[in-house]
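Notes follow the structure.
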Amino acid sequence: MKIGVYSGSFDPITKGHEDIIRRAAKMTDKLVVAVLNNVNKRYLFSLEERTAMVLCSLKDLDNVEVKNFQGLLTDFMEENKIEFIIRGLRAVSDYEYELTMAFANSDISQGRVETIFMPAAKQYMYLSSSVVREIANYGGKLSDYLNEEVEKKIRDKIKIQGSR
Ligand code: PNS
């Protein structure tokens, strides 16, 4: 059984992430979407909120499983018998960082882990969760970037933060 992993912070999940996940799910027997819990990082959404939004966005996909992880991705992969990592590549600027990660993950797993790059869809080439958070902060249009439920969640979150 070919099991892949697509990992990220998903703060929040965007249509760009979703597009890669849906395309990758077609190529794998099982795709694990791994939501990172980095205790040293400040997120807009809690781990539970980020995970719930990922689950909600992918509920129609039978071969996708959503899990949390912390620490090294390669350790999580070994524990879950996952052989390869799927990464989306957007603009050229992603390339150097992604290549470094791919080499590091290959090295620390003694070559057991493979990374597969997929080009982001044209309309999501410059989309990122941080751009989405910035647009949301200023009340801009998000419907091209987020699905309806996620858009509602981020609007509510910004409202709560603004009222503090
Ligand atoms: O959405 P992000 O924050 O860009 O995702 C980054 C992620 C989760 C892919 C990456 O930070 C990660 O895998 N972190 C876990 C630690 C790790 O294994 N790093 C790679 C070895 S240097």
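Naming scheme: A, B, ... for chains in displayed order of the structure tokens; residues 1 onward per chain; ligands 1 onward as shown.
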Please give the complete set of residues from chain A that DSSP, run on the backbone, assigns to strand (DSSP E), formatted as a ChimeraX atom specification.
/A:3-8,30-36,64-69,84-89,114-119
Written file, previous selection with N, CA, C and O atoms, as a compact mmCIF listing (two decimals), in the first residue's frame:
```
# COMPACT_ATOMS: atom_id res chain seq x y z
N ILE A 3 1.53 4.84 0.89
CA ILE A 3 1.01 5.87 1.79
C ILE A 3 1.91 7.10 1.70
O ILE A 3 3.14 7.01 1.85
N GLY A 4 1.27 8.26 1.47
CA GLY A 4 2.01 9.51 1.41
C GLY A 4 1.57 10.44 2.53
O GLY A 4 0.53 10.21 3.18
N VAL A 5 2.38 11.46 2.77
CA VAL A 5 2.00 12.46 3.78
C VAL A 5 2.10 13.86 3.18
O VAL A 5 3.00 14.14 2.38
N TYR A 6 1.14 14.68 3.55
CA TYR A 6 1.18 16.10 3.19
C TYR A 6 1.10 16.84 4.52
O TYR A 6 0.10 16.76 5.22
N SER A 7 2.19 17.50 4.88
CA SER A 7 2.24 18.12 6.21
C SER A 7 2.23 19.64 6.10
O SER A 7 2.58 20.21 5.07
N GLY A 8 1.81 20.26 7.18
CA GLY A 8 1.82 21.71 7.19
C GLY A 8 1.22 22.25 8.47
O GLY A 8 0.75 21.48 9.33
N LYS A 30 -3.32 5.78 0.26
CA LYS A 30 -3.76 6.56 1.43
C LYS A 30 -2.89 7.80 1.53
O LYS A 30 -1.67 7.72 1.33
N LEU A 31 -3.52 8.93 1.84
CA LEU A 31 -2.77 10.16 2.06
C LEU A 31 -3.06 10.64 3.48
O LEU A 31 -4.23 10.82 3.85
N VAL A 32 -1.99 10.80 4.25
CA VAL A 32 -2.15 11.33 5.61
C VAL A 32 -1.87 12.83 5.56
O VAL A 32 -0.81 13.25 5.09
N VAL A 33 -2.83 13.61 5.99
CA VAL A 33 -2.60 15.05 6.11
C VAL A 33 -2.19 15.30 7.56
O VAL A 33 -2.96 15.04 8.49
N ALA A 34 -0.93 15.73 7.73
CA ALA A 34 -0.36 15.85 9.08
C ALA A 34 -0.29 17.32 9.48
O ALA A 34 0.39 18.12 8.85
N VAL A 35 -1.02 17.64 10.54
CA VAL A 35 -1.10 19.02 11.00
C VAL A 35 -0.06 19.21 12.10
O VAL A 35 -0.08 18.52 13.13
N LEU A 36 0.86 20.14 11.85
CA LEU A 36 2.00 20.33 12.77
C LEU A 36 1.60 21.07 14.04
O LEU A 36 0.92 22.11 13.99
N VAL A 64 -8.21 9.79 2.63
CA VAL A 64 -7.41 10.81 3.33
C VAL A 64 -7.68 10.73 4.83
O VAL A 64 -8.83 10.67 5.27
N GLU A 65 -6.58 10.70 5.58
CA GLU A 65 -6.68 10.63 7.04
C GLU A 65 -5.98 11.88 7.60
O GLU A 65 -4.91 12.24 7.12
N VAL A 66 -6.58 12.49 8.60
CA VAL A 66 -5.98 13.71 9.17
C VAL A 66 -5.41 13.38 10.54
O VAL A 66 -6.11 12.79 11.39
N LYS A 67 -4.14 13.72 10.75
CA LYS A 67 -3.49 13.43 12.03
C LYS A 67 -2.70 14.65 12.49
O LYS A 67 -2.36 15.50 11.67
N ASN A 68 -2.37 14.68 13.77
CA ASN A 68 -1.49 15.73 14.30
C ASN A 68 -0.10 15.13 14.48
O ASN A 68 0.04 13.92 14.68
N PHE A 69 0.91 16.00 14.41
CA PHE A 69 2.24 15.51 14.77
C PHE A 69 3.06 16.64 15.35
O PHE A 69 2.75 17.82 15.15
N PHE A 84 6.50 8.38 1.56
CA PHE A 84 6.88 9.59 0.83
C PHE A 84 6.08 10.83 1.25
O PHE A 84 4.99 10.73 1.79
N ILE A 85 6.73 11.96 0.97
CA ILE A 85 6.18 13.27 1.32
C ILE A 85 5.73 13.94 0.04
O ILE A 85 6.45 13.92 -0.96
N ILE A 86 4.56 14.52 0.09
CA ILE A 86 4.09 15.33 -1.05
C ILE A 86 4.26 16.80 -0.66
O ILE A 86 3.85 17.20 0.43
N ARG A 87 4.87 17.57 -1.53
CA ARG A 87 4.99 19.00 -1.29
C ARG A 87 4.52 19.76 -2.51
O ARG A 87 4.81 19.36 -3.66
N GLY A 88 3.80 20.84 -2.30
CA GLY A 88 3.38 21.70 -3.40
C GLY A 88 4.47 22.74 -3.65
O GLY A 88 5.05 23.27 -2.71
N LEU A 89 4.74 23.02 -4.92
CA LEU A 89 5.69 24.08 -5.25
C LEU A 89 4.95 25.23 -5.90
O LEU A 89 4.27 25.05 -6.90
N GLU A 114 11.19 9.62 0.60
CA GLU A 114 11.25 10.28 -0.71
C GLU A 114 10.33 11.49 -0.70
O GLU A 114 9.29 11.48 -0.02
N THR A 115 10.71 12.56 -1.41
CA THR A 115 9.83 13.74 -1.52
C THR A 115 9.38 13.90 -2.96
O THR A 115 10.19 13.81 -3.88
N ILE A 116 8.10 14.12 -3.13
CA ILE A 116 7.54 14.33 -4.47
C ILE A 116 6.97 15.74 -4.53
O ILE A 116 6.17 16.13 -3.67
N PHE A 117 7.40 16.51 -5.52
CA PHE A 117 6.90 17.88 -5.67
C PHE A 117 5.78 17.93 -6.70
O PHE A 117 5.89 17.32 -7.76
N MET A 118 4.76 18.69 -6.36
CA MET A 118 3.67 18.92 -7.33
C MET A 118 3.54 20.42 -7.55
O MET A 118 3.54 21.17 -6.58
N PRO A 119 3.42 20.85 -8.81
CA PRO A 119 3.26 22.29 -9.02
C PRO A 119 1.90 22.75 -8.50
O PRO A 119 0.89 22.07 -8.70
```
With the cut-off set at 12 Å and counting only C-alpha atoms, tabulate each residue of range 23-107 of chain A with an atom at most that distance from an atom of range 129-138 of chain A, showing the nearest atom pair and its distance in Å to one decimal, ordered by chain and increasing number, as a Markdown table.
```
| residue | atom | partner | partner_atom | distance |
| --- | --- | --- | --- | --- |
| A:Tyr43 | CA | A:Ser130 | CA | 10.4 |
| A:Leu44 | CA | A:Arg133 | CA | 8.2 |
| A:Phe45 | CA | A:Arg133 | CA | 10.6 |
| A:Arg50 | CA | A:Ser129 | CA | 11.5 |
```
Grab me every residue within 7 Å of ligand 1, counting only C-alpha atoms and all ligand atoms, and send it over as a list in words.
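The residues within 7 Å of ligand 1, counting only C-alpha atoms and all ligand atoms, are Ser7, Gly8, Ser9, Phe10, Leu36, Gln70, Gly71, Leu72, Leu73, Thr74, Met101, Ala104 and Asn105 of chain A.
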CA of Ile21 in chain A and CA of Ala102 in chain A, how far apart in Å?
18.3 Å
Expressed in Å to a single decimal, how great is the separation between CA of Asp107 in chain A and CA of Asp75 in chain A?
12.6 Å
Mind pulling up the distance from CA of Met27 in chain A to CA of Thr100 in chain A?
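Rounded to one decimal, the two atoms are 24.3 Å apart.
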With distances taken over only C-alpha atoms, which of A:Ile82, A:Val39, A:Ile154, A:Ala121 is nearest to His17 in chain A?
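Residue with the minimum atom-to-atom distance to His17 in chain A: A:Ala121.
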Could you pull out the residues in range 81-154 of chain A that DSSP calls helix (DSSP H, G or I) from the backbone, as a count of residues only?
35
Determine, for each residue of range 22-74 of chain A having at least one atom at most 10 Å from an atom of range 141-151 of chain A, the closest pair of atoms and their separation in Å to one decimal, counting only C-alpha atoms; order by chain and ascending number, as JSON lines.
```
{"residue": "A:Arg50", "atom": "CA", "partner": "A:Val150", "partner_atom": "CA", "distance": 9.5}
{"residue": "A:Ala52", "atom": "CA", "partner": "A:Val150", "partner_atom": "CA", "distance": 9.7}
{"residue": "A:Met53", "atom": "CA", "partner": "A:Val150", "partner_atom": "CA", "distance": 6.3}
{"residue": "A:Val54", "atom": "CA", "partner": "A:Val150", "partner_atom": "CA", "distance": 8.9}
{"residue": "A:Cys56", "atom": "CA", "partner": "A:Glu149", "partner_atom": "CA", "distance": 8.0}
{"residue": "A:Ser57", "atom": "CA", "partner": "A:Asn147", "partner_atom": "CA", "distance": 7.5}
```
Write a file of the just-selected residues containing N, CA and C atoms, as a compact mmCIF listing (two decimals), in the first residue's frame.
```txt
# COMPACT_ATOMS: atom_id res chain seq x y z
N ARG A 50 -7.31 24.20 13.76
CA ARG A 50 -6.67 23.95 12.45
C ARG A 50 -7.04 22.55 11.94
N ALA A 52 -9.68 20.75 12.80
CA ALA A 52 -11.12 20.68 12.48
C ALA A 52 -11.39 21.28 11.09
N MET A 53 -10.70 22.36 10.76
CA MET A 53 -10.91 22.98 9.43
C MET A 53 -10.39 22.07 8.32
N VAL A 54 -9.27 21.39 8.58
CA VAL A 54 -8.73 20.45 7.58
C VAL A 54 -9.73 19.31 7.38
N CYS A 56 -12.93 19.22 7.96
CA CYS A 56 -14.16 19.72 7.34
C CYS A 56 -13.97 19.91 5.83
N SER A 57 -12.78 20.39 5.42
CA SER A 57 -12.52 20.65 4.00
C SER A 57 -12.35 19.37 3.19
```
Go through A:Ile108, A:Ile13, A:Ile160, A:Met77 one by one, measure the shortest atom-to-atom distance of each to Leu55 in chain A using only C-alpha atoms, and give the residue with the smallest value.
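Of A:Ile108, A:Ile13, A:Ile160, A:Met77, the one nearest Leu55 in chain A, counting only C-alpha atoms, is A:Ile13.
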